[in-house]
>>> print(open('entry.cif').read())   # mmCIF, C-alpha atoms
data_run
loop_
_atom_site.group_PDB
_atom_site.id
_atom_site.type_symbol
_atom_site.label_atom_id
_atom_site.label_comp_id
_atom_site.auth_asym_id
_atom_site.auth_seq_id
_atom_site.Cartn_x
_atom_site.Cartn_y
_atom_site.Cartn_z
ATOM 1 C CA MET A 1210 -8.154 19.357 -9.024
ATOM 2 C CA PRO A 1211 -6.558 21.901 -11.407
ATOM 3 C CA VAL A 1212 -4.025 20.875 -14.036
ATOM 4 C CA LYS A 1213 -0.693 22.724 -14.310
ATOM 5 C CA THR A 1214 0.589 23.767 -17.738
ATOM 6 C CA PHE A 1215 3.944 25.300 -18.639
ATOM 7 C CA ARG A 1216 5.437 27.868 -20.972
ATOM 8 C CA PRO A 1217 6.903 26.162 -24.076
ATOM 9 C CA LEU A 1218 10.535 26.828 -23.203
ATOM 10 C CA THR A 1219 11.564 23.287 -24.203
ATOM 11 C CA PRO A 1220 10.004 20.714 -26.545
ATOM 12 C CA SER A 1221 8.774 18.670 -23.580
ATOM 13 C CA THR A 1222 7.050 21.569 -21.837
ATOM 14 C CA ARG A 1223 5.221 22.642 -24.990
ATOM 15 C CA TYR A 1224 2.339 20.217 -24.406
ATOM 16 C CA ILE A 1225 3.053 18.722 -20.988
ATOM 17 C CA SER A 1226 0.490 19.092 -18.186
ATOM 18 C CA TYR A 1227 0.607 17.796 -14.629
ATOM 19 C CA ALA A 1228 -1.931 17.308 -11.887
ATOM 20 C CA ASP A 1229 -1.187 19.820 -9.156
ATOM 21 C CA PHE A 1230 -2.097 17.322 -6.393
ATOM 22 C CA SER A 1231 -3.817 20.047 -4.363
ATOM 23 C CA ASP A 1232 -6.456 17.531 -3.270
ATOM 24 C CA ILE A 1233 -3.871 15.298 -1.571
ATOM 25 C CA THR A 1234 -3.895 15.684 2.217
ATOM 26 C CA LYS A 1235 -1.761 12.696 3.267
ATOM 27 C CA SER A 1236 1.560 11.969 1.572
ATOM 28 C CA LYS A 1237 2.614 8.592 2.991
ATOM 29 C CA PRO A 1238 0.436 5.455 2.691
ATOM 30 C CA GLU A 1239 -0.785 3.350 5.591
ATOM 31 C CA LYS A 1240 1.869 0.647 6.058
ATOM 32 C CA SER A 1241 -0.645 -2.058 6.962
ATOM 33 C CA LEU A 1242 -2.565 -1.523 3.693
ATOM 34 C CA ILE A 1243 0.221 -1.762 1.102
ATOM 35 C CA GLU A 1244 1.985 -4.562 -0.741
ATOM 36 C CA ILE A 1245 5.065 -4.459 -2.947
ATOM 37 C CA ARG A 1246 4.195 -4.757 -6.625
ATOM 38 C CA LYS A 1247 6.307 -7.341 -8.399
ATOM 39 C CA ARG A 1248 6.961 -6.487 -12.039
ATOM 40 C CA SER A 1249 7.016 -9.199 -14.695
ATOM 41 C CA GLY A 1250 8.571 -7.199 -17.533
ATOM 42 C CA GLY A 1251 5.914 -8.713 -19.799
ATOM 43 C CA ARG A 1252 7.350 -12.215 -19.308
ATOM 44 C CA ASN A 1253 5.599 -15.437 -18.320
ATOM 45 C CA HIS A 1254 6.830 -18.099 -15.911
ATOM 46 C CA TYR A 1255 9.135 -19.476 -18.625
ATOM 47 C CA GLY A 1256 10.858 -16.097 -18.870
ATOM 48 C CA ARG A 1257 9.578 -15.502 -22.393
ATOM 49 C CA ALA A 1258 8.233 -12.081 -23.372
ATOM 50 C CA THR A 1259 4.500 -12.499 -23.993
ATOM 51 C CA ALA A 1260 3.475 -8.822 -23.747
ATOM 52 C CA ARG A 1261 5.348 -6.174 -25.686
ATOM 53 C CA GLY A 1262 6.215 -2.695 -24.503
ATOM 54 C CA ILE A 1263 6.428 -3.530 -20.784
ATOM 55 C CA GLY A 1264 9.514 -2.995 -18.636
ATOM 56 C CA GLY A 1265 11.303 -0.644 -16.274
ATOM 57 C CA GLY A 1266 9.370 2.055 -14.515
ATOM 58 C CA HIS A 1267 9.379 3.432 -11.004
ATOM 59 C CA LYS A 1268 8.880 1.120 -8.049
ATOM 60 C CA GLN A 1269 5.280 1.030 -6.857
ATOM 61 C CA LYS A 1270 3.394 -0.308 -3.891
ATOM 62 C CA ILE A 1271 -0.124 -1.672 -4.227
ATOM 63 C CA ARG A 1272 -2.774 -0.065 -2.047
ATOM 64 C CA LEU A 1273 -5.299 -2.602 -0.756
ATOM 65 C CA ILE A 1274 -8.708 -1.104 -1.539
ATOM 66 C CA ASP A 1275 -11.877 -2.212 0.264
ATOM 67 C CA PHE A 1276 -14.315 -2.707 -2.606
ATOM 68 C CA LYS A 1277 -16.759 -4.771 -0.521
ATOM 69 C CA ARG A 1278 -17.530 -2.260 2.275
ATOM 70 C CA GLN A 1279 -18.824 -5.052 4.511
ATOM 71 C CA LYS A 1280 -18.669 -3.232 7.873
ATOM 72 C CA HIS A 1281 -22.377 -2.432 7.725
ATOM 73 C CA GLY A 1282 -23.868 0.066 10.124
ATOM 74 C CA MET A 1283 -20.506 1.175 11.551
ATOM 75 C CA GLU A 1284 -19.518 4.806 11.058
ATOM 76 C CA ALA A 1285 -16.107 5.605 9.581
ATOM 77 C CA THR A 1286 -14.196 8.885 9.493
ATOM 78 C CA VAL A 1287 -12.185 10.084 6.491
ATOM 79 C CA VAL A 1288 -8.601 10.459 7.762
ATOM 80 C CA GLY A 1289 -6.968 11.608 4.531
ATOM 81 C CA ILE A 1290 -7.027 11.730 0.736
ATOM 82 C CA GLU A 1291 -4.026 9.996 -0.862
ATOM 83 C CA TYR A 1292 -2.397 9.395 -4.221
ATOM 84 C CA ASP A 1293 -2.474 5.867 -5.639
ATOM 85 C CA PRO A 1294 0.138 5.079 -8.320
ATOM 86 C CA GLY A 1295 -1.904 2.109 -9.517
ATOM 87 C CA ARG A 1296 -5.070 3.981 -10.506
ATOM 88 C CA SER A 1297 -6.209 7.282 -11.948
ATOM 89 C CA ALA A 1298 -8.549 8.082 -9.039
ATOM 90 C CA ARG A 1299 -7.566 9.286 -5.588
ATOM 91 C CA ILE A 1300 -8.123 7.061 -2.567
ATOM 92 C CA ALA A 1301 -9.482 7.938 0.867
ATOM 93 C CA LEU A 1302 -8.276 6.422 4.115
ATOM 94 C CA LEU A 1303 -11.145 5.532 6.477
ATOM 95 C CA GLU A 1304 -10.895 4.790 10.173
ATOM 96 C CA TYR A 1305 -13.816 2.919 11.771
ATOM 97 C CA LYS A 1306 -14.906 3.250 15.364
ATOM 98 C CA ASP A 1307 -13.292 -0.087 16.228
ATOM 99 C CA GLY A 1308 -9.913 1.228 15.026
ATOM 100 C CA GLU A 1309 -9.750 -0.644 11.719
ATOM 101 C CA LYS A 1310 -8.465 1.342 8.726
ATOM 102 C CA THR A 1311 -9.353 0.747 5.083
ATOM 103 C CA TYR A 1312 -8.946 2.452 1.733
ATOM 104 C CA ILE A 1313 -11.792 3.333 -0.637
ATOM 105 C CA VAL A 1314 -11.885 5.071 -4.008
ATOM 106 C CA SER A 1315 -12.415 8.731 -3.173
ATOM 107 C CA PRO A 1316 -15.590 10.324 -4.619
ATOM 108 C CA ASN A 1317 -15.594 13.891 -5.884
ATOM 109 C CA GLY A 1318 -16.199 16.379 -3.062
ATOM 110 C CA LEU A 1319 -15.227 14.077 -0.177
ATOM 111 C CA ALA A 1320 -13.442 16.014 2.564
ATOM 112 C CA VAL A 1321 -11.276 14.998 5.501
ATOM 113 C CA GLY A 1322 -13.385 14.497 8.610
ATOM 114 C CA ALA A 1323 -16.492 13.349 6.730
ATOM 115 C CA LYS A 1324 -18.502 10.486 8.228
ATOM 116 C CA LEU A 1325 -19.294 7.518 5.965
ATOM 117 C CA MET A 1326 -21.362 4.362 6.381
ATOM 118 C CA SER A 1327 -22.246 1.306 4.357
ATOM 119 C CA GLY A 1328 -25.082 -1.185 4.328
ATOM 120 C CA PRO A 1329 -28.905 -1.034 4.129
ATOM 121 C CA THR A 1330 -29.171 1.339 7.101
ATOM 122 C CA ALA A 1331 -26.793 3.950 5.664
ATOM 123 C CA PRO A 1332 -28.348 7.242 4.488
ATOM 124 C CA PRO A 1333 -28.148 7.943 0.718
ATOM 125 C CA GLU A 1334 -25.341 10.498 0.972
ATOM 126 C CA LEU A 1335 -22.032 11.104 -0.784
ATOM 127 C CA GLY A 1336 -19.557 8.264 -0.262
ATOM 128 C CA ASN A 1337 -22.021 5.882 1.401
ATOM 129 C CA CYS A 1338 -22.396 2.360 -0.014
ATOM 130 C CA LEU A 1339 -25.957 1.008 -0.347
ATOM 131 C CA PRO A 1340 -27.828 -1.686 -2.282
ATOM 132 C CA LEU A 1341 -29.263 -0.430 -5.576
ATOM 133 C CA LYS A 1342 -32.802 -1.016 -4.288
ATOM 134 C CA LEU A 1343 -32.316 1.711 -1.640
ATOM 135 C CA ILE A 1344 -30.575 4.362 -3.773
ATOM 136 C CA PRO A 1345 -32.787 7.240 -5.009
ATOM 137 C CA MET A 1346 -33.584 7.376 -8.714
ATOM 138 C CA ALA A 1347 -31.376 9.443 -11.042
ATOM 139 C CA SER A 1348 -28.524 9.357 -8.517
ATOM 140 C CA ALA A 1349 -24.914 9.425 -9.696
ATOM 141 C CA ILE A 1350 -23.187 6.235 -8.522
ATOM 142 C CA HIS A 1351 -19.848 4.467 -8.863
ATOM 143 C CA ASN A 1352 -18.117 1.325 -7.547
ATOM 144 C CA ILE A 1353 -20.931 -0.918 -8.770
ATOM 145 C CA GLU A 1354 -21.054 -4.629 -7.991
ATOM 146 C CA ILE A 1355 -21.843 -7.043 -10.811
ATOM 147 C CA THR A 1356 -22.529 -9.966 -8.451
ATOM 148 C CA PRO A 1357 -23.927 -9.268 -4.950
ATOM 149 C CA GLY A 1358 -21.211 -9.597 -2.320
ATOM 150 C CA ARG A 1359 -18.300 -9.903 -4.753
ATOM 151 C CA GLY A 1360 -17.207 -6.273 -4.439
ATOM 152 C CA ALA A 1361 -17.245 -3.289 -6.769
ATOM 153 C CA GLN A 1362 -16.049 -4.027 -10.304
ATOM 154 C CA MET A 1363 -17.447 -1.260 -12.512
ATOM 155 C CA VAL A 1364 -17.116 2.565 -12.703
ATOM 156 C CA ARG A 1365 -13.948 2.955 -10.655
ATOM 157 C CA THR A 1366 -11.826 5.253 -12.832
ATOM 158 C CA ALA A 1367 -11.238 8.975 -12.294
ATOM 159 C CA GLY A 1368 -14.260 11.130 -13.104
ATOM 160 C CA GLY A 1369 -16.503 8.134 -13.760
ATOM 161 C CA SER A 1370 -20.140 8.008 -12.743
ATOM 162 C CA ALA A 1371 -23.183 5.967 -13.718
ATOM 163 C CA THR A 1372 -26.857 6.909 -13.398
ATOM 164 C CA LEU A 1373 -29.555 4.802 -11.752
ATOM 165 C CA MET A 1374 -32.482 4.949 -14.181
ATOM 166 C CA SER A 1375 -35.200 2.566 -12.968
ATOM 167 C CA ARG A 1376 -36.017 -0.577 -11.001
ATOM 168 C CA ASP A 1377 -38.269 -3.420 -12.058
ATOM 169 C CA GLU A 1378 -38.750 -7.093 -11.142
ATOM 170 C CA GLY A 1379 -35.763 -7.271 -8.806
ATOM 171 C CA TYR A 1380 -33.346 -5.580 -11.203
ATOM 172 C CA ALA A 1381 -32.108 -2.016 -11.584
ATOM 173 C CA GLN A 1382 -31.331 -0.351 -14.898
ATOM 174 C CA VAL A 1383 -28.108 1.672 -14.861
ATOM 175 C CA ARG A 1384 -26.646 3.887 -17.586
ATOM 176 C CA LEU A 1385 -22.870 3.367 -17.553
ATOM 177 C CA PRO A 1386 -20.283 6.015 -18.521
ATOM 178 C CA SER A 1387 -19.858 4.341 -21.926
ATOM 179 C CA GLY A 1388 -23.559 4.928 -22.718
ATOM 180 C CA GLU A 1389 -24.443 1.273 -22.254
ATOM 181 C CA ILE A 1390 -27.646 0.578 -20.330
ATOM 182 C CA ARG A 1391 -27.379 -2.563 -18.273
ATOM 183 C CA ARG A 1392 -29.425 -4.446 -15.696
ATOM 184 C CA PHE A 1393 -27.990 -5.179 -12.252
ATOM 185 C CA HIS A 1394 -29.529 -7.204 -9.449
ATOM 186 C CA GLU A 1395 -31.036 -4.788 -6.949
ATOM 187 C CA GLU A 1396 -29.044 -6.405 -4.114
ATOM 188 C CA CYS A 1397 -25.798 -5.269 -5.771
ATOM 189 C CA CYS A 1398 -24.199 -2.414 -3.870
ATOM 190 C CA ALA A 1399 -22.952 0.887 -5.252
ATOM 191 C CA THR A 1400 -21.427 4.043 -3.806
ATOM 192 C CA LEU A 1401 -23.124 7.397 -4.215
ATOM 193 C CA GLY A 1402 -21.349 10.196 -6.044
ATOM 194 C CA GLN A 1403 -18.875 10.618 -8.869
ATOM 195 C CA VAL A 1404 -15.307 9.342 -8.691
ATOM 196 C CA GLY A 1405 -12.894 12.159 -7.860
ATOM 197 C CA ASN A 1406 -9.891 13.531 -9.762
ATOM 198 C CA THR A 1407 -12.199 14.621 -12.571
ATOM 199 C CA GLU A 1408 -9.447 16.591 -14.364
ATOM 200 C CA HIS A 1409 -7.392 13.472 -15.000
ATOM 201 C CA GLU A 1410 -8.486 13.381 -18.652
ATOM 202 C CA ASN A 1411 -6.697 16.709 -19.209
ATOM 203 C CA VAL A 1412 -3.295 15.397 -18.110
ATOM 204 C CA VAL A 1413 -0.826 15.115 -21.028
ATOM 205 C CA LEU A 1414 2.392 13.107 -20.625
ATOM 206 C CA GLY A 1415 4.218 15.383 -23.074
ATOM 207 C CA LYS A 1416 7.506 13.487 -23.183
ATOM 208 C CA ALA A 1417 8.757 9.939 -23.549
ATOM 209 C CA GLY A 1418 10.294 9.864 -20.079
ATOM 210 C CA ARG A 1419 6.931 10.013 -18.332
ATOM 211 C CA SER A 1420 5.859 6.875 -20.194
ATOM 212 C CA ARG A 1421 9.081 5.140 -19.129
ATOM 213 C CA HIS A 1422 8.405 6.098 -15.501
ATOM 214 C CA ARG A 1423 5.126 4.200 -15.839
ATOM 215 C CA GLY A 1424 6.839 1.089 -17.169
ATOM 216 C CA ILE A 1425 5.736 1.623 -20.789
ATOM 217 C CA ARG A 1426 8.509 0.932 -23.314
ATOM 218 C CA PRO A 1427 8.438 2.078 -26.946
ATOM 219 C CA ILE A 1428 7.537 -0.352 -29.733
ATOM 220 C CA SER A 1429 7.884 0.075 -33.476
ATOM 221 C CA ARG A 1430 4.846 0.281 -35.717
ATOM 222 C CA GLY A 1431 3.892 -2.820 -37.689
ATOM 223 C CA VAL A 1432 3.998 -0.950 -41.040
ATOM 224 C CA ALA A 1433 7.590 0.097 -40.306
ATOM 225 C CA ARG A 1434 8.812 -3.514 -39.996
ATOM 226 C CA ASN A 1435 9.774 -6.180 -42.472
ATOM 227 C CA PRO A 1436 7.249 -8.752 -43.725
ATOM 228 C CA VAL A 1437 8.983 -11.475 -41.731
ATOM 229 C CA ASP A 1438 8.378 -9.547 -38.492
ATOM 230 C CA HIS A 1439 4.791 -8.362 -38.914
ATOM 231 C CA PRO A 1440 1.802 -8.917 -41.259
ATOM 232 C CA ASN A 1441 1.701 -5.163 -41.987
ATOM 233 C CA GLY A 1442 5.411 -4.908 -42.833
ATOM 234 C CA GLY A 1443 7.155 -4.487 -46.167
ATOM 235 C CA GLY A 1444 6.254 -2.584 -49.308
ATOM 236 C CA GLN A 1445 7.788 0.311 -51.190
ATOM 237 C CA GLY A 1446 7.393 3.482 -49.152
ATOM 238 C CA LYS A 1447 4.371 3.940 -46.960
ATOM 239 C CA SER A 1448 1.845 1.231 -47.681
ATOM 240 C CA LYS A 1449 -0.676 -1.130 -46.154
ATOM 241 C CA GLY A 1450 -3.104 1.385 -44.805
ATOM 242 C CA GLY A 1451 -5.910 -1.142 -44.990
ATOM 243 C CA GLY A 1452 -9.286 -0.577 -46.543
ATOM 244 C CA GLY A 1453 -8.918 -2.961 -49.469
ATOM 245 C CA TRP A 1454 -8.763 -6.718 -49.529
ATOM 246 C CA GLN A 1455 -6.194 -6.589 -46.796
ATOM 247 C CA GLN A 1456 -7.131 -6.855 -43.130
ATOM 248 C CA LEU A 1457 -4.711 -5.120 -40.747
ATOM 249 C CA VAL A 1458 -3.908 -7.624 -38.035
ATOM 250 C CA SER A 1459 -1.642 -8.092 -35.040
ATOM 251 C CA PRO A 1460 1.461 -10.339 -35.225
ATOM 252 C CA TRP A 1461 -0.808 -13.188 -34.100
ATOM 253 C CA GLY A 1462 -3.484 -12.619 -36.701
ATOM 254 C CA PHE A 1463 -6.143 -10.785 -34.667
ATOM 255 C CA VAL A 1464 -7.918 -7.965 -36.495
ATOM 256 C CA ALA A 1465 -6.422 -4.653 -35.386
ATOM 257 C CA LYS A 1466 -9.095 -2.208 -36.528
ATOM 258 C CA GLY A 1467 -12.807 -2.500 -35.862
ATOM 259 C CA GLY A 1468 -12.901 -6.146 -34.906
ATOM 260 C CA ARG A 1469 -15.304 -7.074 -32.106
ATOM 261 C CA THR A 1470 -13.671 -8.730 -29.142
ATOM 262 C CA ARG A 1471 -16.755 -9.564 -27.044
ATOM 263 C CA ASP A 1472 -17.980 -13.137 -27.202
ATOM 264 C CA LYS A 1473 -21.359 -13.319 -28.966
ATOM 265 C CA LYS A 1474 -22.467 -16.106 -26.609
ATOM 266 C CA LYS A 1475 -21.315 -14.494 -23.375
ATOM 267 C CA LEU A 1476 -23.839 -15.194 -20.606
ATOM 268 C CA SER A 1477 -23.902 -11.618 -19.346
ATOM 269 C CA ASN A 1478 -25.206 -10.397 -22.730
ATOM 270 C CA ARG A 1479 -28.735 -10.926 -21.434
ATOM 271 C CA PHE A 1480 -28.256 -8.089 -18.928
ATOM 272 C CA ILE A 1481 -27.343 -5.514 -21.595
ATOM 273 C CA LEU A 1482 -30.358 -3.566 -22.847
ATOM 274 C CA VAL A 1483 -28.662 -0.863 -24.963
ATOM 275 C CA ARG A 1484 -25.140 -1.149 -26.312
ATOM 276 C CA ARG A 1485 -22.485 1.554 -26.144
ATOM 277 C CA ASP A 1486 -23.200 2.682 -29.699
ATOM 278 C CA GLY A 1487 -26.875 3.314 -28.825
ATOM 279 C CA ARG A 1488 -28.288 0.280 -30.599
ATOM 280 C CA PRO A 1489 -30.597 -2.045 -28.635
ATOM 281 C CA MET A 1490 -29.158 -5.414 -27.722
ATOM 282 C CA LYS A 1491 -30.747 -8.305 -29.599
ATOM 283 C CA HIS A 1492 -31.599 -11.203 -27.324
ATOM 284 C CA LYS A 1493 -32.376 -14.628 -28.703
#
>>> encode(input="entry.cif", output="structure tokens")
Amino acid sequence: MPVKTFRPLTPSTRYISYADFSDITKSKPEKSLIEIRKRSGGRNHYGRATARGIGGGHKQKIRLIDFKRQKHGMEATVVGIEYDPGRSARIALLEYKDGEKTYIVSPNGLAVGAKLMSGPTAPPELGNCLPLKLIPMASAIHNIEITPGRGAQMVRTAGGSATLMSRDEGYAQVRLPSGEIRRFHEECCATLGQVGNTEHENVVLGKAGRSRHRGIRPISRGVARNPVDHPNGGGQGKSKGGGGWQQLVSPWGFVAKGGRTRDKKKLSNRFILVRRDGRPMKHK
């Protein structure tokens, strides 16, 4: 999917870049597979703003994606490749032999008319969903289950792919896009191939209006506020860059730079072999 750039005739077109949507083959979504997305404006059930910078934006409809792929052994045909406003990847509309239609995250290279299958009997080909124990070594995979039968939860963004490295004692070792090496139960399913829309990382919003279309409102920096409004506020001129005795924190006191957010006692830590930074995980 190429990315369109523009001559810098205006300040907004100087850096802006769009997806050209040449990979889209079907413009309107399947009515039976969409739901209206209700926006909260960053407010809880009391009507109080609990998340800043949220509000407005274009109306969107949620596409119901089949992350479980439980129609094992039944062949499906790719009817079309569609745009999904709720995710960076493209989605593919499948039609099974019994007439049922579902959406899946579209892998790179999937074409209209392709035949897909899922389950233990499916061949290890692009777009097919198989248990990790049946996928060939060194294959690129996405849509990986963390718990067997729960549905795909990892590697679902545009251009993402993981690599199946080895299998041992009922578990498979997978290198994730972040560089983390993690163990998954070999009964967990994954889809072969790389997620499509690989040029998404080259898209540049370029102007404030495109953020507002996405429902992202502007917020002021903490260092530009008064001390009563933010821990980083106040001072004569530019100040509070951190690095000394001061810890830059959010309005609620959480460390803003470099603080670890993962629980040290999280149960799933035992499945991580190598962390994202390349250091081995220490298990007690």
>>> resolve_selection(input="entry.cif", expression="the PyMOL selection byres ((chain A and resi 1491) around 12)", output="list in words")
Lys1473, Lys1474, Asn1478, Arg1479, Phe1480, Ile1481, Leu1482, Val1483, Arg1484, Arg1488, Pro1489, Met1490, His1492 and Lys1493 of chain A
>>> resolve_selection(input="entry.cif", expression="the PyMOL selection byres ((chain A and resi 1327) around 9)", output="list in words")
Arg1278, Gln1279, Lys1280, His1281, Gly1282, Met1283, Glu1284, Leu1325, Met1326, Gly1328, Pro1329, Thr1330, Ala1331, Pro1332, Gly1336, Asn1337, Cys1338, Leu1339 and Thr1400 of chain A
>>> resolve_selection(input="entry.cif", expression="the PyMOL selection byres ((chain A and resi 1461) around 12)", output="list in words")
Thr1259, Gly1431, Asp1438, His1439, Pro1440, Asn1441, Leu1457, Val1458, Ser1459, Pro1460, Gly1462, Phe1463, Val1464 and Ala1465 of chain A
>>> residues_near_point(input="entry.cif", point="(-12.9, 16.7, 8.5)", cutoff="10 Å", atoms="only C-alpha atoms", output="PyMOL selection string")
chain A and resi 1286-1289+1319-1324
>>> closest_residue(input="entry.cif", among="A:Arg1223, A:Arg1469, A:Arg1299, A:Lys1277", to="Gly1415 (chain A)", atoms="all atoms listed in the file")
A:Arg1223
>>> residues_around(input="entry.cif", residues="region 1349-1359 of chain A", least_positions_apart="2", cutoff="8 Å", atoms="only C-alpha atoms", output="short mmCIF file (atom, residue, chain, number, x, y, z; two decimals) with C-alpha atoms, keeping the file's coordinate frame")
data_model
loop_
_atom_site.label_atom_id
_atom_site.label_comp_id
_atom_site.auth_asym_id
_atom_site.auth_seq_id
_atom_site.Cartn_x
_atom_site.Cartn_y
_atom_site.Cartn_z
CA PHE A 1276 -14.32 -2.71 -2.61
CA LYS A 1277 -16.76 -4.77 -0.52
CA ALA A 1347 -31.38 9.44 -11.04
CA ALA A 1361 -17.24 -3.29 -6.77
CA GLN A 1362 -16.05 -4.03 -10.30
CA MET A 1363 -17.45 -1.26 -12.51
CA VAL A 1364 -17.12 2.56 -12.70
CA ARG A 1365 -13.95 2.96 -10.66
CA GLY A 1369 -16.50 8.13 -13.76
CA SER A 1370 -20.14 8.01 -12.74
CA ALA A 1371 -23.18 5.97 -13.72
CA THR A 1372 -26.86 6.91 -13.40
CA LEU A 1373 -29.56 4.80 -11.75
CA PHE A 1393 -27.99 -5.18 -12.25
CA HIS A 1394 -29.53 -7.20 -9.45
CA GLU A 1396 -29.04 -6.40 -4.11
CA CYS A 1397 -25.80 -5.27 -5.77
CA CYS A 1398 -24.20 -2.41 -3.87
CA ALA A 1399 -22.95 0.89 -5.25
CA THR A 1400 -21.43 4.04 -3.81
CA LEU A 1401 -23.12 7.40 -4.22
CA GLY A 1402 -21.35 10.20 -6.04
CA GLN A 1403 -18.88 10.62 -8.87
CA VAL A 1404 -15.31 9.34 -8.69
#
>>> atom_distance(input="entry.cif", atom1="CA of Gln1269 (chain A)", atom2="CA of Lys1310 (chain A)")
20.8 Å
>>> closest_residue(input="entry.cif", among="A:Ile1263, A:Ala1258, A:Ala1381, A:Val1314", to="Pro1345 (chain A)", atoms="all atoms listed in the file")
A:Ala1381
>>> residues_near_point(input="entry.cif", point="(8.2, 9.4, -23.2)", cutoff="12 Å", atoms="all atoms listed in the file", output="list in words")
Pro1220, Ser1221, Ile1225, Gly1266, Val1413, Leu1414, Gly1415, Lys1416, Ala1417, Gly1418, Arg1419, Ser1420, Arg1421, His1422, Arg1423, Gly1424, Ile1425, Arg1426, Pro1427 and Ile1428 of chain A
>>> closest_residue(input="entry.cif", among="A:Glu1334, A:Asn1317, A:Tyr1227, A:Asp1275", to="Leu1303 (chain A)", atoms="all atoms listed in the file")
A:Asp1275
>>> atom_distance(input="entry.cif", atom1="CA of Arg1246 (chain A)", atom2="CA of Gly1295 (chain A)")
9.6 Å
>>> closest_residue(input="entry.cif", among="A:His1254, A:Asp1486, A:Lys1247, A:Ile1313", to="Arg1272 (chain A)", atoms="all atoms listed in the file")
A:Ile1313
